[in-house]
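Visitor: Sharing model05.csv here; it has CSV, C-alpha atoms.
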```csv
chain,number,residue,atom,x,y,z
A,112,MET,CA,-21.9,-53.9,-31.9
A,113,SER,CA,-22.1,-56.9,-29.7
A,114,ALA,CA,-25.4,-58.8,-29.0
A,115,ASP,CA,-25.0,-57.8,-25.3
A,116,GLN,CA,-24.9,-54.1,-26.3
A,117,SER,CA,-27.9,-54.4,-28.7
A,118,HIS,CA,-30.1,-55.9,-25.9
A,119,ARG,CA,-29.5,-53.2,-23.3
A,120,PHE,CA,-32.9,-51.7,-24.2
A,121,ALA,CA,-36.5,-52.6,-23.4
A,122,GLY,CA,-39.7,-52.4,-25.3
A,123,PRO,CA,-42.2,-51.3,-26.4
A,124,ALA,CA,-40.4,-49.4,-29.1
A,125,ASP,CA,-41.7,-46.6,-31.3
A,126,LEU,CA,-39.2,-45.6,-34.0
A,127,HIS,CA,-40.9,-42.8,-35.9
A,128,MET,CA,-41.7,-39.5,-34.0
A,129,HIS,CA,-41.4,-35.8,-34.8
A,130,SER,CA,-40.7,-32.7,-32.7
A,131,ASN,CA,-41.0,-29.0,-33.4
A,132,HIS,CA,-37.6,-29.1,-35.0
A,133,SER,CA,-39.5,-30.2,-38.1
A,134,ASP,CA,-43.3,-30.5,-38.3
A,135,GLY,CA,-44.3,-31.8,-34.9
A,136,THR,CA,-45.8,-29.5,-32.3
A,137,GLU,CA,-43.8,-30.4,-29.2
A,138,ALA,CA,-40.2,-30.0,-28.1
A,139,PRO,CA,-38.0,-33.1,-28.4
A,140,ALA,CA,-38.0,-33.6,-24.6
A,141,GLU,CA,-41.8,-33.4,-24.5
A,142,VAL,CA,-42.0,-36.0,-27.4
A,143,MET,CA,-40.0,-38.4,-25.2
A,144,ARG,CA,-42.3,-37.6,-22.2
A,145,GLN,CA,-45.4,-38.3,-24.2
A,146,ALA,CA,-43.9,-41.5,-25.5
A,147,HIS,CA,-43.1,-42.6,-22.0
A,148,ALA,CA,-46.6,-41.8,-20.8
A,149,TYR,CA,-48.0,-44.0,-23.5
A,150,GLY,CA,-45.8,-46.9,-22.4
A,151,ILE,CA,-42.9,-46.6,-24.8
A,152,ARG,CA,-39.5,-47.5,-23.4
A,153,THR,CA,-37.4,-47.3,-26.6
A,154,ALA,CA,-38.0,-44.3,-28.8
A,155,ALA,CA,-36.5,-42.6,-31.9
A,156,LEU,CA,-36.8,-39.0,-32.9
A,157,THR,CA,-37.0,-38.8,-36.7
A,158,ASP,CA,-37.4,-35.1,-37.6
A,159,HIS,CA,-37.4,-34.3,-41.3
A,160,ASP,CA,-34.0,-33.8,-42.8
A,161,ARG,CA,-32.3,-32.7,-39.5
A,162,THR,CA,-30.8,-34.1,-36.3
A,163,THR,CA,-30.9,-31.0,-34.1
A,164,GLY,CA,-33.3,-32.5,-31.6
A,165,TRP,CA,-31.2,-35.5,-30.8
A,166,ASP,CA,-29.4,-34.2,-27.7
A,167,GLU,CA,-32.5,-32.8,-26.0
A,168,ALA,CA,-34.5,-36.0,-26.7
A,169,ALA,CA,-31.7,-38.2,-25.5
A,170,ALA,CA,-31.3,-36.3,-22.3
A,171,ALA,CA,-35.1,-36.5,-21.6
A,172,ALA,CA,-35.2,-40.2,-22.5
A,173,GLY,CA,-32.3,-40.9,-20.1
A,174,GLU,CA,-34.2,-39.2,-17.3
A,175,LEU,CA,-37.2,-41.4,-18.0
A,176,ASP,CA,-35.0,-44.6,-18.0
A,177,MET,CA,-35.7,-45.0,-21.8
A,178,THR,CA,-33.4,-45.9,-24.6
A,179,PHE,CA,-33.1,-43.3,-27.4
A,180,ILE,CA,-32.5,-44.2,-31.0
A,181,PRO,CA,-31.1,-41.3,-33.0
A,182,GLY,CA,-32.9,-41.0,-36.4
A,183,MET,CA,-34.1,-38.8,-39.2
A,184,GLU,CA,-36.7,-38.9,-41.9
A,185,LEU,CA,-35.0,-38.0,-45.2
A,186,SER,CA,-37.1,-36.6,-48.0
A,187,ALA,CA,-36.8,-38.3,-51.4
A,188,LYS,CA,-38.8,-38.5,-54.6
A,189,HIS,CA,-39.3,-41.3,-57.1
A,190,GLU,CA,-40.8,-40.0,-60.4
A,191,TRP,CA,-43.8,-38.0,-59.0
A,192,ARG,CA,-44.0,-40.0,-55.7
A,193,SER,CA,-42.9,-38.5,-52.4
A,194,VAL,CA,-40.8,-41.1,-50.6
A,195,HIS,CA,-39.6,-40.8,-47.0
A,196,VAL,CA,-36.6,-42.7,-46.0
A,197,LEU,CA,-36.0,-43.2,-42.2
A,198,GLY,CA,-32.4,-43.3,-41.3
A,199,TYR,CA,-31.2,-44.7,-37.9
A,200,LEU,CA,-27.9,-44.5,-36.1
A,201,PHE,CA,-26.0,-42.8,-38.8
A,202,ASP,CA,-23.1,-40.4,-38.3
A,203,PRO,CA,-24.7,-36.9,-38.1
A,204,ASP,CA,-21.5,-35.3,-39.1
A,205,ASP,CA,-21.2,-37.3,-42.4
A,206,ALA,CA,-20.2,-34.6,-45.0
A,207,ALA,CA,-22.2,-36.0,-47.9
A,208,LEU,CA,-25.4,-36.5,-45.9
A,209,ARG,CA,-25.1,-33.0,-44.4
A,210,VAL,CA,-24.7,-31.4,-47.8
A,211,GLU,CA,-27.9,-33.1,-49.0
A,212,THR,CA,-30.0,-32.3,-46.0
A,213,ASP,CA,-28.9,-28.6,-46.1
A,214,ARG,CA,-30.0,-28.5,-49.8
A,215,ILE,CA,-33.4,-30.1,-49.0
A,216,ARG,CA,-34.1,-27.8,-46.1
A,217,GLY,CA,-33.0,-24.7,-48.1
A,218,ASP,CA,-35.4,-25.6,-50.9
A,219,ARG,CA,-38.2,-26.3,-48.5
A,220,ILE,CA,-38.0,-22.7,-47.3
A,221,GLY,CA,-38.2,-21.3,-50.8
A,222,ARG,CA,-41.0,-23.7,-51.6
A,223,ALA,CA,-43.0,-22.7,-48.5
A,224,GLU,CA,-42.6,-19.0,-49.5
A,225,ARG,CA,-43.9,-19.8,-53.0
A,226,ILE,CA,-46.9,-21.6,-51.6
A,227,VAL,CA,-47.7,-18.7,-49.2
A,228,ARG,CA,-47.5,-16.2,-52.1
A,229,ASN,CA,-49.9,-18.3,-54.1
A,230,ILE,CA,-52.4,-18.6,-51.2
A,231,ALA,CA,-52.1,-14.9,-50.5
A,232,ARG,CA,-53.7,-14.2,-53.8
A,233,ASP,CA,-57.0,-15.4,-52.4
A,234,TYR,CA,-56.6,-15.4,-48.6
A,235,ASP,CA,-55.3,-13.1,-45.9
A,236,LEU,CA,-52.1,-15.0,-45.2
A,237,HIS,CA,-48.5,-13.7,-45.0
A,238,TRP,CA,-45.1,-15.2,-44.6
A,239,ASP,CA,-44.7,-13.7,-41.1
A,240,ASP,CA,-47.8,-15.7,-40.1
A,241,VAL,CA,-46.0,-18.9,-41.0
A,242,LEU,CA,-42.8,-17.8,-39.3
A,243,ALA,CA,-44.8,-17.2,-36.1
A,244,GLN,CA,-45.8,-20.9,-36.2
A,245,THR,CA,-42.2,-22.1,-36.7
A,246,MET,CA,-39.4,-22.7,-34.2
A,247,LEU,CA,-36.2,-20.9,-35.0
A,248,ASP,CA,-34.2,-22.9,-37.6
A,249,ALA,CA,-36.9,-25.6,-37.9
A,250,THR,CA,-37.5,-27.3,-41.2
A,251,VAL,CA,-40.3,-25.2,-42.6
A,252,GLY,CA,-43.0,-27.1,-44.4
A,253,ARG,CA,-46.6,-27.3,-45.3
A,254,PRO,CA,-47.7,-28.2,-41.7
A,255,HIS,CA,-46.4,-24.8,-40.6
A,256,ILE,CA,-48.5,-23.2,-43.3
A,257,ALA,CA,-51.5,-25.2,-42.1
A,258,ASP,CA,-50.9,-23.9,-38.6
A,259,ALA,CA,-50.7,-20.4,-39.9
A,260,LEU,CA,-54.1,-20.9,-41.7
A,261,VAL,CA,-55.5,-22.1,-38.4
A,262,ALA,CA,-54.1,-19.2,-36.4
A,263,ARG,CA,-55.6,-16.8,-38.9
A,264,GLY,CA,-59.0,-18.5,-38.6
A,265,ILE,CA,-59.1,-19.5,-42.2
A,266,VAL,CA,-59.4,-23.2,-41.4
A,267,ARG,CA,-60.2,-25.1,-38.2
A,268,ASP,CA,-57.3,-27.5,-38.1
A,269,ARG,CA,-54.4,-29.1,-40.0
A,270,THR,CA,-56.7,-31.7,-41.5
A,271,GLU,CA,-59.0,-29.1,-43.0
A,272,ALA,CA,-56.0,-27.3,-44.4
A,273,PHE,CA,-54.5,-30.3,-46.1
A,274,ASP,CA,-57.9,-31.5,-47.4
A,275,GLY,CA,-58.6,-28.1,-48.8
A,276,ILE,CA,-56.2,-25.2,-49.4
A,277,LEU,CA,-53.0,-27.2,-49.2
A,278,HIS,CA,-54.3,-30.0,-51.4
A,279,PRO,CA,-52.6,-30.0,-54.8
A,280,ARG,CA,-56.0,-29.8,-56.6
A,281,GLU,CA,-56.5,-26.3,-55.2
A,282,GLY,CA,-53.7,-24.9,-57.3
A,283,TYR,CA,-51.5,-23.4,-54.6
A,284,TYR,CA,-49.1,-26.4,-54.4
A,285,GLU,CA,-45.4,-26.0,-55.3
A,286,PRO,CA,-42.9,-28.9,-55.6
A,287,HIS,CA,-39.6,-29.0,-53.7
A,288,TYR,CA,-36.2,-30.6,-54.2
A,289,ALA,CA,-35.6,-34.1,-52.9
A,290,PRO,CA,-33.1,-36.7,-54.0
A,291,ASP,CA,-34.2,-40.0,-55.5
A,292,PRO,CA,-34.6,-42.9,-53.0
A,293,LEU,CA,-31.5,-44.7,-54.3
A,294,THR,CA,-29.4,-41.7,-53.4
A,295,ALA,CA,-31.1,-41.4,-50.0
A,296,VAL,CA,-30.5,-45.0,-49.1
A,297,ARG,CA,-26.9,-44.8,-50.2
A,298,LEU,CA,-26.2,-41.7,-48.2
A,299,ILE,CA,-27.7,-43.1,-45.0
A,300,THR,CA,-25.9,-46.4,-45.5
A,301,ARG,CA,-22.5,-44.8,-46.3
A,302,ALA,CA,-22.9,-42.7,-43.1
A,303,GLY,CA,-23.1,-45.9,-41.1
A,304,GLY,CA,-26.9,-45.9,-40.7
A,305,VAL,CA,-29.8,-48.2,-41.4
A,306,ALA,CA,-32.3,-47.0,-44.1
A,307,VAL,CA,-35.9,-48.0,-43.7
A,308,ILE,CA,-38.7,-46.8,-46.1
A,309,ALA,CA,-41.4,-45.0,-44.1
A,310,HIS,CA,-45.1,-45.9,-44.7
A,311,PRO,CA,-44.3,-47.3,-48.2
A,312,VAL,CA,-47.9,-48.4,-49.2
A,313,THR,CA,-50.2,-45.7,-48.1
A,314,SER,CA,-52.9,-45.9,-50.9
A,315,GLY,CA,-53.3,-47.5,-54.3
A,316,ARG,CA,-50.8,-49.4,-56.4
A,317,ASP,CA,-50.0,-46.3,-58.4
A,318,ARG,CA,-48.7,-44.6,-55.2
A,319,MET,CA,-46.4,-47.5,-54.4
A,320,MET,CA,-42.9,-47.7,-55.8
A,321,PRO,CA,-42.7,-50.5,-58.3
A,322,VAL,CA,-41.4,-53.8,-56.9
A,323,PRO,CA,-38.4,-53.9,-59.3
A,324,PHE,CA,-37.3,-50.5,-58.1
A,325,ILE,CA,-37.8,-51.5,-54.4
A,326,GLU,CA,-35.5,-54.4,-55.1
A,327,GLN,CA,-32.9,-52.0,-56.5
A,328,LEU,CA,-33.1,-50.2,-53.2
A,329,ILE,CA,-32.5,-53.4,-51.4
A,330,ALA,CA,-29.5,-54.1,-53.5
A,331,ALA,CA,-28.2,-50.6,-52.7
A,332,GLY,CA,-28.4,-51.3,-49.0
A,333,LEU,CA,-32.0,-50.7,-47.9
A,334,GLY,CA,-32.4,-52.2,-44.4
A,335,GLY,CA,-36.1,-52.6,-44.1
A,336,PHE,CA,-39.7,-51.3,-44.3
A,337,GLU,CA,-42.0,-49.5,-41.9
A,338,ILE,CA,-44.9,-51.9,-42.3
A,339,ASP,CA,-47.1,-51.4,-39.3
A,340,HIS,CA,-48.2,-47.8,-39.8
A,341,ARG,CA,-51.8,-46.5,-39.8
A,342,GLU,CA,-51.6,-45.2,-43.4
A,343,ASN,CA,-50.4,-48.4,-45.0
A,344,THR,CA,-53.0,-50.6,-46.8
A,345,GLU,CA,-53.5,-54.2,-45.8
A,346,ALA,CA,-52.8,-55.4,-49.3
A,347,GLY,CA,-49.6,-53.4,-49.4
A,348,LYS,CA,-48.5,-54.7,-46.0
A,349,ARG,CA,-48.9,-58.3,-47.1
A,350,MET,CA,-46.8,-57.6,-50.2
A,351,LEU,CA,-44.0,-55.9,-48.1
A,352,ARG,CA,-43.9,-58.7,-45.6
A,353,GLU,CA,-43.3,-61.2,-48.4
A,354,LEU,CA,-40.5,-59.0,-49.7
A,355,ALA,CA,-39.1,-58.7,-46.2
A,356,VAL,CA,-39.0,-62.4,-45.7
A,357,LYS,CA,-37.5,-63.0,-49.1
A,358,HIS,CA,-34.6,-60.6,-48.5
A,359,ASP,CA,-34.4,-61.0,-44.7
A,360,LEU,CA,-35.1,-57.3,-44.0
A,361,ILE,CA,-35.9,-55.4,-40.8
A,362,VAL,CA,-39.6,-54.7,-40.3
A,363,THR,CA,-40.7,-51.8,-38.1
A,364,GLY,CA,-43.9,-50.5,-36.7
A,365,SER,CA,-44.3,-46.9,-35.5
A,366,SER,CA,-46.8,-44.2,-34.7
A,367,ASP,CA,-45.4,-41.3,-36.8
A,368,TYR,CA,-46.3,-39.1,-33.8
A,369,HIS,CA,-46.5,-35.3,-34.5
A,370,GLY,CA,-48.0,-34.0,-31.2
A,371,SER,CA,-51.3,-32.2,-31.8
A,372,GLY,CA,-50.4,-32.0,-35.6
A,373,LYS,CA,-51.8,-35.5,-36.3
A,374,PRO,CA,-54.2,-37.9,-34.5
A,375,ASN,CA,-51.4,-40.5,-34.3
A,376,ARG,CA,-50.6,-41.5,-30.7
A,377,PRO,CA,-47.3,-43.0,-29.4
A,378,GLY,CA,-47.2,-46.8,-29.4
A,379,GLU,CA,-50.2,-47.3,-31.7
A,380,ASN,CA,-47.8,-49.4,-33.7
A,381,THR,CA,-44.5,-50.7,-32.3
A,382,THR,CA,-41.3,-52.5,-33.4
A,383,THR,CA,-40.4,-55.9,-31.9
A,384,GLU,CA,-37.3,-56.1,-29.7
A,385,GLU,CA,-35.8,-58.6,-32.2
A,386,MET,CA,-36.0,-56.0,-35.0
A,387,VAL,CA,-34.7,-53.2,-32.8
A,388,ALA,CA,-31.7,-55.4,-31.9
A,389,ARG,CA,-31.1,-56.1,-35.6
A,390,LEU,CA,-31.2,-52.4,-36.4
A,391,ILE,CA,-28.7,-51.6,-33.7
A,392,ASP,CA,-26.4,-54.5,-34.7
A,393,ARG,CA,-26.4,-53.4,-38.3
A,394,ALA,CA,-25.6,-49.7,-37.7
A,395,THR,CA,-22.0,-48.3,-37.4
A,396,GLY,CA,-22.5,-44.5,-37.6
A,397,THR,CA,-23.5,-43.7,-34.0
A,398,SER,CA,-24.8,-45.6,-30.9
A,399,PRO,CA,-28.1,-45.6,-29.1
A,400,ARG,CA,-28.3,-43.5,-25.9
A,401,TYR,CA,-29.0,-46.1,-23.2
A,402,ALA,CA,-30.5,-45.1,-19.9
```
Represent the structure contained in this file as structure tokens.

Guide:
Amino acid sequence: MSADQSHRFAGPADLHMHSNHSDGTEAPAEVMRQAHAYGIRTAALTDHDRTTGWDEAAAAAGELDMTFIPGMELSAKHEWRSVHVLGYLFDPDDAALRVETDRIRGDRIGRAERIVRNIARDYDLHWDDVLAQTMLDATVGRPHIADALVARGIVRDRTEAFDGILHPREGYYEPHYAPDPLTAVRLITRAGGVAVIAHPVTSGRDRMMPVPFIEQLIAAGLGGFEIDHRENTEAGKRMLRELAVKHDLIVTGSSDYHGSGKPNRPGENTTTEEMVARLIDRATGTSPRYA
């Protein structure tokens, strides 16, 4: 993509947002409207393990004179750590990537059903309660279980659900399938996309992937890190910035907006225009939707 094409957008840019096609609470079009209301002019929709909201979000962004960056948050796992890999501007019809996302979503449904069965031993919660909180064909996950717990009056909000019943220490938790991060990075890259690790340093050094493994990801094609995110630690951000400079990586900042599902607001962290341009220039799988 030429430099002229890559600069047909305007900031501020928020590159990590969710709709009700995964665990957000708003339709893709409403996510774009909220982003615009908060001053965002370039936005990505990054639902978990799916791309079904792209067309609706792109249409709404176009009506608002915004640039839309197609994206996804791909679930991965390193040892016991949950790792989320943001993929941007990849080919949504890439066969290998679709096989993997189908497998992840399928196992998420089974995992959610297992969690609900566990909770139902002690609380009045049923699978139909969860389905009532889930858009048709959405990626079902723990946030939907949290919403069902709220609807049943068992907890007050998602935060209370995750701090209590849905916390692994309570004994209701069940694991789910996810590929290792190397596989995730390679799949996104081979589909012509740019892979960026989401919120990589949220708490404690034991939660962070070891630096030698991160460097393996970089060698495999990792494009960058989401450094400016409310959950990243200051010490972790400093370490990642050093790695980014050393390897000339893309650095992003984003809100991780989920509608009313999280306190995060659009634009609370943003990505510079220089980094958005680098992301667009690097991708070959699909193009931004310009206004």

Visitor: For Lys348 (chain A), which residue out of A:Val312, A:Ala171, A:Val387, A:Leu360 is the nearest one, using all atoms listed in the file?

Guide: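 When distances to Lys348 (chain A) are compared using all atoms listed in the file, the smallest one comes from A:Val312.
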
Visitor: Which one of A:Glu337, A:Tyr283, A:Leu236, A:Val305 sits closest to Val266 (chain A) if you count only C-alpha atoms?

Guide: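 Checking each of A:Glu337, A:Tyr283, A:Leu236, A:Val305 against Val266 (chain A), counting only C-alpha atoms, the winner is A:Leu236.
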
Visitor: Of the residues A:Glu271, A:Glu326, A:Asp339, A:Asp134, which is the one nearest to Met246 (chain A), using all atoms listed in the file?

Guide: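 Of A:Glu271, A:Glu326, A:Asp339, A:Asp134, the one nearest Met246 (chain A), counting all atoms listed in the file, is A:Asp134.
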
Visitor: Extract, using all atoms listed in the file, all DNA, RNA and protein residues at most 8 Å from Ile256 (chain A), discarding same-chain residues fewer than 2 positions from it, and format them as a list of chain:residue names.

Guide: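 In the requested format, the answer is A:Ala223, A:Val227, A:Val241, A:Gln244, A:Gly252, A:Arg253, A:Pro254, A:Asp258, A:Ala259, A:Leu260.
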
Visitor: Compare A:Asp291, A:Glu379, A:Glu342, A:Asp248 by their minimum atom-to-atom distance to Trp191 (chain A), counting only C-alpha atoms, and give me the closest one.

Guide: A:Asp291

Visitor: Given all atoms listed in the file, how would the per-residue table for region 136-240 of chain A near region 390-394 of chain A read, listing every residue at most 8 Å away with its closest atom pair and distance in Å to one decimal, sorted by chain and number, as CSV?

Guide:
```
residue,atom,partner,partner_atom,distance
A:Tyr199,CA,A:Ala394,CA,7.5
A:Leu200,CA,A:Ala394,CA,5.9
A:Phe201,CA,A:Ala394,CA,7.0
```

Visitor: Quick one: of A:Met128, A:Ile151, A:Ile265, A:Ile220, who's nearest to Val251 (chain A), counting all atoms listed in the file?

Guide: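 Checking each of A:Met128, A:Ile151, A:Ile265, A:Ile220 against Val251 (chain A), counting all atoms listed in the file, the winner is A:Ile220.
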
Visitor: Could you pull the residues within 7 Å of Asn343 (chain A), counting only C-alpha atoms, minus those fewer than 6 positions along the same chain, as a count of residues only?

Guide: 5

Visitor: Report, in Å to a single decimal, how far apart CA of Gly334 (chain A) and CA of Met350 (chain A) are.

Guide: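 Interatomic distance, CA of Met350 (chain A) to CA of Gly334 (chain A): 16.4 Å.
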
Visitor: For Asn380 (chain A), find every residue with an atom within 8 Å (counting all atoms listed in the file), except residues of its own chain fewer than 6 positions away, and show them as a ChimeraX atom specification.

Guide: /A:125,339-341,364-366

Visitor: Please produce a file of those selected residues containing C-alpha atoms, as a short mmCIF file (atom, residue, chain, number, x, y, z; two decimals), in the coordinates of the input.

Guide:
```cif
data_model
loop_
_atom_site.label_atom_id
_atom_site.label_comp_id
_atom_site.auth_asym_id
_atom_site.auth_seq_id
_atom_site.Cartn_x
_atom_site.Cartn_y
_atom_site.Cartn_z
CA ASP A 125 -41.70 -46.60 -31.30
CA ASP A 339 -47.10 -51.40 -39.30
CA HIS A 340 -48.20 -47.80 -39.80
CA ARG A 341 -51.80 -46.50 -39.80
CA GLY A 364 -43.90 -50.50 -36.70
CA SER A 365 -44.30 -46.90 -35.50
CA SER A 366 -46.80 -44.20 -34.70
#
```

Visitor: Looking at only C-alpha atoms, which of A:Ser186, A:Tyr234, A:Asp240, A:His127 is the one that sits closest to Asp213 (chain A)?

Guide: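 Ranked by minimum distance to Asp213 (chain A), first place goes to A:Ser186.
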
Visitor: Determine, counting all atoms listed in the file, which protein, DNA and RNA residues have an atom within 8 Å of an atom of Arg144 (chain A); residues of the same chain fewer than 2 positions away are not included. Present the result as a list in words.

Guide: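 After dropping sequence-adjacent residues, the list is Ala140, Glu141, Val142, Ala146, His147, Ala148, Ala171, Ala172 and Leu175 of chain A.
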
Visitor: State, in Å with one decimal place, the distance from CA of Asp367 (chain A) to CA of Arg352 (chain A).

Guide: 19.6 Å

Visitor: For Gly332 (chain A), please output as number ranges by chain all residues within 7 Å (counting all atoms listed in the file; exclusion window: fewer than 4 positions along the same chain).

Guide: A: 296-297, 300, 328

Visitor: What's the separation between CA of Gly150 (chain A) and CA of Gly378 (chain A), in Å to one decimal place?

Guide: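 According to the coordinates, CA of Gly150 (chain A) and CA of Gly378 (chain A) are separated by 7.1 Å.
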
Visitor: Using all atoms listed in the file, what residues lie at most 12 Å away from (-37.7, -40.1, -45.6) (file coordinates), given as a compact mmCIF listing (two decimals) with C-alpha atoms, keeping the file's coordinate frame?

Guide:
```txt
# COMPACT_ATOMS: atom_id res chain seq x y z
CA HIS A 127 -40.90 -42.80 -35.90
CA THR A 157 -37.00 -38.80 -36.70
CA ASP A 158 -37.40 -35.10 -37.60
CA HIS A 159 -37.40 -34.30 -41.30
CA ASP A 160 -34.00 -33.80 -42.80
CA ARG A 161 -32.30 -32.70 -39.50
CA GLY A 182 -32.90 -41.00 -36.40
CA MET A 183 -34.10 -38.80 -39.20
CA GLU A 184 -36.70 -38.90 -41.90
CA LEU A 185 -35.00 -38.00 -45.20
CA SER A 186 -37.10 -36.60 -48.00
CA ALA A 187 -36.80 -38.30 -51.40
CA LYS A 188 -38.80 -38.50 -54.60
CA HIS A 189 -39.30 -41.30 -57.10
CA ARG A 192 -44.00 -40.00 -55.70
CA SER A 193 -42.90 -38.50 -52.40
CA VAL A 194 -40.80 -41.10 -50.60
CA HIS A 195 -39.60 -40.80 -47.00
CA VAL A 196 -36.60 -42.70 -46.00
CA LEU A 197 -36.00 -43.20 -42.20
CA GLY A 198 -32.40 -43.30 -41.30
CA TYR A 199 -31.20 -44.70 -37.90
CA THR A 212 -30.00 -32.30 -46.00
CA ILE A 215 -33.40 -30.10 -49.00
CA ALA A 289 -35.60 -34.10 -52.90
CA PRO A 290 -33.10 -36.70 -54.00
CA ASP A 291 -34.20 -40.00 -55.50
CA PRO A 292 -34.60 -42.90 -53.00
CA LEU A 293 -31.50 -44.70 -54.30
CA THR A 294 -29.40 -41.70 -53.40
CA ALA A 295 -31.10 -41.40 -50.00
CA VAL A 296 -30.50 -45.00 -49.10
CA LEU A 298 -26.20 -41.70 -48.20
CA ILE A 299 -27.70 -43.10 -45.00
CA ALA A 306 -32.30 -47.00 -44.10
CA VAL A 307 -35.90 -48.00 -43.70
CA ILE A 308 -38.70 -46.80 -46.10
CA ALA A 309 -41.40 -45.00 -44.10
CA HIS A 310 -45.10 -45.90 -44.70
CA PRO A 311 -44.30 -47.30 -48.20
CA PHE A 336 -39.70 -51.30 -44.30
CA GLU A 337 -42.00 -49.50 -41.90
CA ASP A 367 -45.40 -41.30 -36.80
```

Visitor: Write out N, CA and C atoms for region 214-227 of chain A, as a PDB file, in the frame of the given file.

Guide:
```pdb
ATOM      1  N   ARG A 214     -29.346 -28.878 -48.508  1.00  0.00           N
ATOM      2  CA  ARG A 214     -30.000 -28.500 -49.800  1.00  0.00           C
ATOM      3  C   ARG A 214     -31.505 -28.726 -49.691  1.00  0.00           C
ATOM      4  N   ILE A 215     -31.925 -29.831 -49.116  1.00  0.00           N
ATOM      5  CA  ILE A 215     -33.400 -30.100 -49.000  1.00  0.00           C
ATOM      6  C   ILE A 215     -34.043 -29.050 -48.155  1.00  0.00           C
ATOM      7  N   ARG A 216     -33.467 -28.736 -46.986  1.00  0.00           N
ATOM      8  CA  ARG A 216     -34.100 -27.800 -46.100  1.00  0.00           C
ATOM      9  C   ARG A 216     -34.127 -26.382 -46.741  1.00  0.00           C
ATOM     10  N   GLY A 217     -33.055 -26.018 -47.432  1.00  0.00           N
ATOM     11  CA  GLY A 217     -33.000 -24.700 -48.100  1.00  0.00           C
ATOM     12  C   GLY A 217     -34.112 -24.587 -49.129  1.00  0.00           C
ATOM     13  N   ASP A 218     -34.326 -25.631 -49.904  1.00  0.00           N
ATOM     14  CA  ASP A 218     -35.400 -25.600 -50.900  1.00  0.00           C
ATOM     15  C   ASP A 218     -36.757 -25.611 -50.313  1.00  0.00           C
ATOM     16  N   ARG A 219     -36.910 -26.294 -49.168  1.00  0.00           N
ATOM     17  CA  ARG A 219     -38.200 -26.300 -48.500  1.00  0.00           C
ATOM     18  C   ARG A 219     -38.652 -24.911 -48.113  1.00  0.00           C
ATOM     19  N   ILE A 220     -37.697 -24.098 -47.667  1.00  0.00           N
ATOM     20  CA  ILE A 220     -38.000 -22.700 -47.300  1.00  0.00           C
ATOM     21  C   ILE A 220     -38.536 -21.952 -48.488  1.00  0.00           C
ATOM     22  N   GLY A 221     -37.799 -22.030 -49.601  1.00  0.00           N
ATOM     23  CA  GLY A 221     -38.200 -21.300 -50.800  1.00  0.00           C
ATOM     24  C   GLY A 221     -39.561 -21.834 -51.306  1.00  0.00           C
ATOM     25  N   ARG A 222     -39.777 -23.133 -51.216  1.00  0.00           N
ATOM     26  CA  ARG A 222     -41.000 -23.700 -51.600  1.00  0.00           C
ATOM     27  C   ARG A 222     -42.194 -23.222 -50.768  1.00  0.00           C
ATOM     28  N   ALA A 223     -41.959 -23.178 -49.436  1.00  0.00           N
ATOM     29  CA  ALA A 223     -43.000 -22.700 -48.500  1.00  0.00           C
ATOM     30  C   ALA A 223     -43.356 -21.243 -48.835  1.00  0.00           C
ATOM     31  N   GLU A 224     -42.350 -20.438 -49.119  1.00  0.00           N
ATOM     32  CA  GLU A 224     -42.600 -19.000 -49.500  1.00  0.00           C
ATOM     33  C   GLU A 224     -43.433 -18.928 -50.739  1.00  0.00           C
ATOM     34  N   ARG A 225     -43.149 -19.792 -51.725  1.00  0.00           N
ATOM     35  CA  ARG A 225     -43.900 -19.800 -53.000  1.00  0.00           C
ATOM     36  C   ARG A 225     -45.364 -20.165 -52.739  1.00  0.00           C
ATOM     37  N   ILE A 226     -45.579 -21.165 -51.893  1.00  0.00           N
ATOM     38  CA  ILE A 226     -46.900 -21.600 -51.600  1.00  0.00           C
ATOM     39  C   ILE A 226     -47.709 -20.465 -50.899  1.00  0.00           C
ATOM     40  N   VAL A 227     -47.056 -19.807 -49.946  1.00  0.00           N
ATOM     41  CA  VAL A 227     -47.700 -18.700 -49.200  1.00  0.00           C
ATOM     42  C   VAL A 227     -48.073 -17.579 -50.183  1.00  0.00           C
TER      43      VAL A 227
END
```
